[in-house]
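Asks: Have a look at this one before I ask anything.
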Amino acid sequence: MIVIGDEILSGRTRDANLATLATWLDARGVQLREARVIPDVPDIIAEAVNTCRRAHDYVFTTGGIGPTHDDVTAESVARALGLPLDVHPEAWRLLEAQYAPGEFTPARQRMARVPKGGRLIANPISAAPGFAVGNVYVLAGVPMIMEAMLDSLAHEIVGGAPMRSITIRLDESESKVADLLARVQADAPTVSVGSYPFYVAGHVGVQVVFRATDSQALERAARVLEDAAARTGLVCDRVDALP
């Protein structure tokens, strides 16, 4: 995922799209392996797109496809792929129909530009489409619109078995259960075991998150931790199990 926008890097806007995309991909058996946050600078965008599209099956960008001068994602992606940036007839039709006569201004017409050969990604909220070229998917930065665009890609993004998870809460500091967690991980090489400490009203604990595509391996790993906790008198609660 490439998050594009000076406003993200400045802290003025908080990105909400990373969690949405990661969850959406998980459900389709696609693991998000890398996320970058970069400015609205064409050279930097082009370099990031080229690096990521060669390293990963899918690349998603968010932001920078609006009507203003600093919306430079479309031309940057075109540059990265060595393609001309053309007005897409269907994108033009959709946008022109969205506005009253005389309101389809040159600024709004910018949103109809797509790298040659690009496929449109439907935008059911504001009509301005995203687009895809090869394995690069260019989405809006506004979270509600970005999420709506993902719905139209459900048939196209192909992965494996969906990722599943189990979360277990331990009422103990992370440092005191580190060796136990290392043993649990060693016994379950196909399961990701992550630990996340928390501090609530002076209470110290850790949430252990198990993640795997194999439900049986996931359950076995979680039970190893629960059994070990029971033997040692460690307070342990399974707080969620996501199907």
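The way I read the labels, and the way they are meant: chains A, B, ... in the order of the structure tokens, residue 1 as the first residue of every chain, and ligand 1 as the first ligand shown, with later ones counted on from there.
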Give me the residues within 10 Å of Met1 in chain A as an MDAnalysis selection string, counting only C-alpha atoms and dropping any in the same chain fewer than 4 places off.

Replies: chainID A and resid 17:18 21:22 32:37 48:49 52 56 58:62 136:137

Asks: Do you know which residues are at most 7 Å from Ala122 in chain A counting only C-alpha atoms, after dropping those on the same chain fewer than 2 positions away, and could you put them as a list of chain:residue names?

Replies: A:Leu120, A:Pro124, A:Pro129, A:Gly130, A:Met149, A:Ser152

Asks: Let me see the file: selected residues, N, CA and C atoms, as a compact mmCIF listing (two decimals), in the first residue's frame.

Replies:
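again-v1.txt, freshly written:
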```txt
# COMPACT_ATOMS: atom_id res chain seq x y z
N LEU A 120 -11.17 1.42 -15.28
CA LEU A 120 -11.79 2.26 -14.26
C LEU A 120 -12.20 1.44 -13.05
N PRO A 124 -19.14 4.76 -6.40
CA PRO A 124 -20.59 4.96 -6.29
C PRO A 124 -20.99 6.17 -5.46
N PRO A 129 -13.93 8.26 -10.77
CA PRO A 129 -13.44 6.89 -10.62
C PRO A 129 -11.98 6.82 -10.23
N GLY A 130 -11.62 5.69 -9.66
CA GLY A 130 -10.22 5.32 -9.57
C GLY A 130 -9.86 4.58 -10.84
N MET A 149 -14.84 1.98 -3.25
CA MET A 149 -14.13 1.51 -4.44
C MET A 149 -13.68 0.06 -4.28
N SER A 152 -15.96 -2.81 -5.55
CA SER A 152 -16.01 -3.15 -6.97
C SER A 152 -14.83 -4.01 -7.40
```

Asks: Env of Lys176 in chain A: 12 Å cut, atoms = only C-alpha atoms, seq-sep filter 2 positions within chain, self excluded. Answer as a PyMOL selection string.

Replies: chain A and resi 170-174+178-182+195+197+204-206+234

Asks: Would you please give, as a PyMOL selection string, all residues of range 141-217 of chain A that DSSP assigns to strand (DSSP E) based on the backbone?

Replies: chain A and resi 164-170+192-200+203-212

Asks: Quick one: residues within 9 Å of Pro143 in chain A, only C-alpha atoms counted, chain neighbours fewer than 5 positions away excluded, as a JSON list (two decimals) with all heavy atoms, in the first residue's frame?

Replies:
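Result file result_10.json:
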```json
[["chain", "number", "residue", "atom", "x", "y", "z"],
["A", 15, "ASP", "N", -4.47, 8.93, 8.73],
["A", 15, "ASP", "CA", -4.86, 7.92, 7.75],
["A", 15, "ASP", "C", -5.75, 6.87, 8.39],
["A", 15, "ASP", "O", -5.43, 6.35, 9.46],
["A", 15, "ASP", "CB", -3.62, 7.25, 7.17],
["A", 15, "ASP", "CG", -4.00, 6.12, 6.23],
["A", 15, "ASP", "OD1", -4.52, 6.42, 5.14],
["A", 15, "ASP", "OD2", -3.81, 4.95, 6.60],
["A", 16, "ALA", "N", -6.86, 6.57, 7.74],
["A", 16, "ALA", "CA", -7.76, 5.51, 8.20],
["A", 16, "ALA", "C", -7.83, 4.37, 7.20],
["A", 16, "ALA", "O", -8.49, 3.36, 7.45],
["A", 16, "ALA", "CB", -9.16, 6.08, 8.42],
["A", 17, "ASN", "N", -7.15, 4.53, 6.06],
["A", 17, "ASN", "CA", -7.31, 3.57, 4.98],
["A", 17, "ASN", "C", -6.47, 2.31, 5.14],
["A", 17, "ASN", "O", -6.82, 1.25, 4.60],
["A", 17, "ASN", "CB", -6.97, 4.23, 3.65],
["A", 17, "ASN", "CG", -8.01, 5.28, 3.25],
["A", 17, "ASN", "OD1", -9.19, 5.13, 3.54],
["A", 17, "ASN", "ND2", -7.55, 6.35, 2.62],
["A", 20, "THR", "N", -8.43, -0.35, 6.95],
["A", 20, "THR", "CA", -9.53, -0.81, 6.10],
["A", 20, "THR", "C", -9.02, -1.76, 5.02],
["A", 20, "THR", "O", -9.58, -2.84, 4.79],
["A", 20, "THR", "CB", -10.23, 0.39, 5.45],
["A", 20, "THR", "OG1", -10.81, 1.20, 6.47],
["A", 20, "THR", "CG2", -11.32, -0.07, 4.48],
["A", 148, "ALA", "N", -15.66, 2.24, -0.60],
["A", 148, "ALA", "CA", -16.66, 1.92, -1.62],
["A", 148, "ALA", "C", -16.00, 1.42, -2.90],
["A", 148, "ALA", "O", -16.53, 0.53, -3.58],
["A", 148, "ALA", "CB", -17.51, 3.15, -1.91]]
```

Asks: Need to verify the contact set: Gly63 in chain A, 9 Å, only C-alpha atoms, exclusion of same-chain residues closer than 5 positions in sequence. Can you return it as number ranges by chain?

Replies: A: 2-5, 71, 73, 138-142, 146

Asks: Restricting the calculation to only C-alpha atoms, which member of A:Ile45, A:Ala91, A:Ala107, A:Ala100 is positioned closest to Pro67 in chain A?

Replies: A:Ala107

Asks: Using only C-alpha atoms, which of A:Ile65, A:Tyr196, A:Ala201, A:Arg211 sits nearest Ser175 in chain A?

Replies: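 Of A:Ile65, A:Tyr196, A:Ala201, A:Arg211, the one nearest Ser175 in chain A is A:Tyr196, counting only C-alpha atoms.
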
Asks: Taking the chain letters and numbering used in this document, name the residues of chain A that DSSP puts in helix (DSSP H, G or I), as a PyMOL selection string.

Replies: chain A and resi 6-9+17-26+42-55+73-81+89-98+106-112+143-151+174-187+215-232

Asks: I want to know what sits within 12 Å of Arg93 in chain A, based on only C-alpha atoms, with residues of the same chain fewer than 4 positions away left out; could you give that as JSON, numbers by chain?

Replies: {"A": [87, 88, 89, 97, 98, 99, 104, 109, 111, 112, 113, 127, 128, 129]}

Asks: Those selected residues, please, written with N, CA and C atoms and delivered as a PDB file, in the first residue's frame.

Replies:
```
ATOM      1  N   VAL A  87      -7.447  11.337 -21.454  1.00  0.00           N
ATOM      2  CA  VAL A  87      -8.806  11.451 -20.944  1.00  0.00           C
ATOM      3  C   VAL A  87      -9.542  10.156 -21.283  1.00  0.00           C
ATOM      4  N   HIS A  88     -10.099   9.524 -20.268  1.00  0.00           N
ATOM      5  CA  HIS A  88     -10.829   8.276 -20.467  1.00  0.00           C
ATOM      6  C   HIS A  88     -12.282   8.614 -20.817  1.00  0.00           C
ATOM      7  N   PRO A  89     -12.791   8.171 -21.968  1.00  0.00           N
ATOM      8  CA  PRO A  89     -14.138   8.570 -22.400  1.00  0.00           C
ATOM      9  C   PRO A  89     -15.226   8.248 -21.381  1.00  0.00           C
ATOM     10  N   ALA A  97     -21.822  13.911 -16.270  1.00  0.00           N
ATOM     11  CA  ALA A  97     -23.209  13.697 -15.841  1.00  0.00           C
ATOM     12  C   ALA A  97     -23.429  14.064 -14.380  1.00  0.00           C
ATOM     13  N   GLN A  98     -22.329  14.123 -13.619  1.00  0.00           N
ATOM     14  CA  GLN A  98     -22.429  14.392 -12.190  1.00  0.00           C
ATOM     15  C   GLN A  98     -22.700  15.866 -11.893  1.00  0.00           C
ATOM     16  N   TYR A  99     -22.325  16.741 -12.817  1.00  0.00           N
ATOM     17  CA  TYR A  99     -22.385  18.176 -12.556  1.00  0.00           C
ATOM     18  C   TYR A  99     -23.429  18.866 -13.423  1.00  0.00           C
ATOM     19  N   PHE A 104     -18.847  21.507 -14.924  1.00  0.00           N
ATOM     20  CA  PHE A 104     -17.788  20.530 -15.186  1.00  0.00           C
ATOM     21  C   PHE A 104     -16.550  21.297 -15.644  1.00  0.00           C
ATOM     22  N   GLN A 109     -12.352  18.268 -14.733  1.00  0.00           N
ATOM     23  CA  GLN A 109     -12.010  17.435 -15.884  1.00  0.00           C
ATOM     24  C   GLN A 109     -10.698  16.679 -15.659  1.00  0.00           C
ATOM     25  N   MET A 111      -9.986  14.889 -13.301  1.00  0.00           N
ATOM     26  CA  MET A 111     -10.277  13.597 -12.685  1.00  0.00           C
ATOM     27  C   MET A 111     -10.669  12.539 -13.710  1.00  0.00           C
ATOM     28  N   ALA A 112     -10.799  12.924 -14.985  1.00  0.00           N
ATOM     29  CA  ALA A 112     -11.098  11.964 -16.053  1.00  0.00           C
ATOM     30  C   ALA A 112      -9.834  11.419 -16.700  1.00  0.00           C
ATOM     31  N   ARG A 113      -8.671  11.854 -16.242  1.00  0.00           N
ATOM     32  CA  ARG A 113      -7.409  11.419 -16.857  1.00  0.00           C
ATOM     33  C   ARG A 113      -6.966  10.077 -16.279  1.00  0.00           C
ATOM     34  N   ALA A 127     -18.788   9.634  -8.029  1.00  0.00           N
ATOM     35  CA  ALA A 127     -18.658   9.394  -9.476  1.00  0.00           C
ATOM     36  C   ALA A 127     -17.218   9.414  -9.973  1.00  0.00           C
ATOM     37  N   ALA A 128     -16.334  10.241  -9.401  1.00  0.00           N
ATOM     38  CA  ALA A 128     -14.948  10.307  -9.883  1.00  0.00           C
ATOM     39  C   ALA A 128     -14.282   8.947  -9.685  1.00  0.00           C
ATOM     40  N   PRO A 129     -13.928   8.263 -10.767  1.00  0.00           N
ATOM     41  CA  PRO A 129     -13.441   6.891 -10.625  1.00  0.00           C
ATOM     42  C   PRO A 129     -11.976   6.824 -10.225  1.00  0.00           C
TER      43      PRO A 129
END
```

Asks: If we count only C-alpha atoms, what is near range 220-225 of chain A at a cut-off of 8 Å, once residues fewer than 6 positions away on the same chain are taken out, given as a list in words?

Replies: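 Residues near the query, excluding close chain neighbours: Ile166, Ile168, Leu180, Leu181, Val184, Gln185, Asp187, Ala188, Val191 and Phe210 of chain A.
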
Asks: Could you tell me which of A:Val114, A:Ile157, A:Ala78, A:Ala230 comes closest to Glu90 in chain A if we count only C-alpha atoms?

Replies: A:Val114

Asks: Which one is closest to Leu83 in chain A: A:Gly159, A:Pro101, A:Pro115, A:Gly11? Count only C-alpha atoms.

Replies: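 Using only C-alpha atoms, Leu83 in chain A sits closest to A:Pro115.
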
Asks: Using only C-alpha atoms, which of the listed residues (A:Leu95, A:Arg110, A:Asp86, A:Val30) sits closest to Asp70 in chain A?

Replies: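 Looking at the shortest contact to Asp70 in chain A, the residue is A:Arg110.
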
Asks: Quote the spacing between CA of Ile38 in chain A and CA of Pro162 in chain A in Å to one decimal place.

Replies: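 Result for CA of Ile38 in chain A versus CA of Pro162 in chain A: 29.1 Å, one decimal.
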
Asks: I'd like the interatomic distance between CA of Met144 in chain A and CA of Ile44 in chain A, to a tenth of an Å.

Replies: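 Answer for the CA of Met144 in chain A to CA of Ile44 in chain A separation: 25.9 Å.
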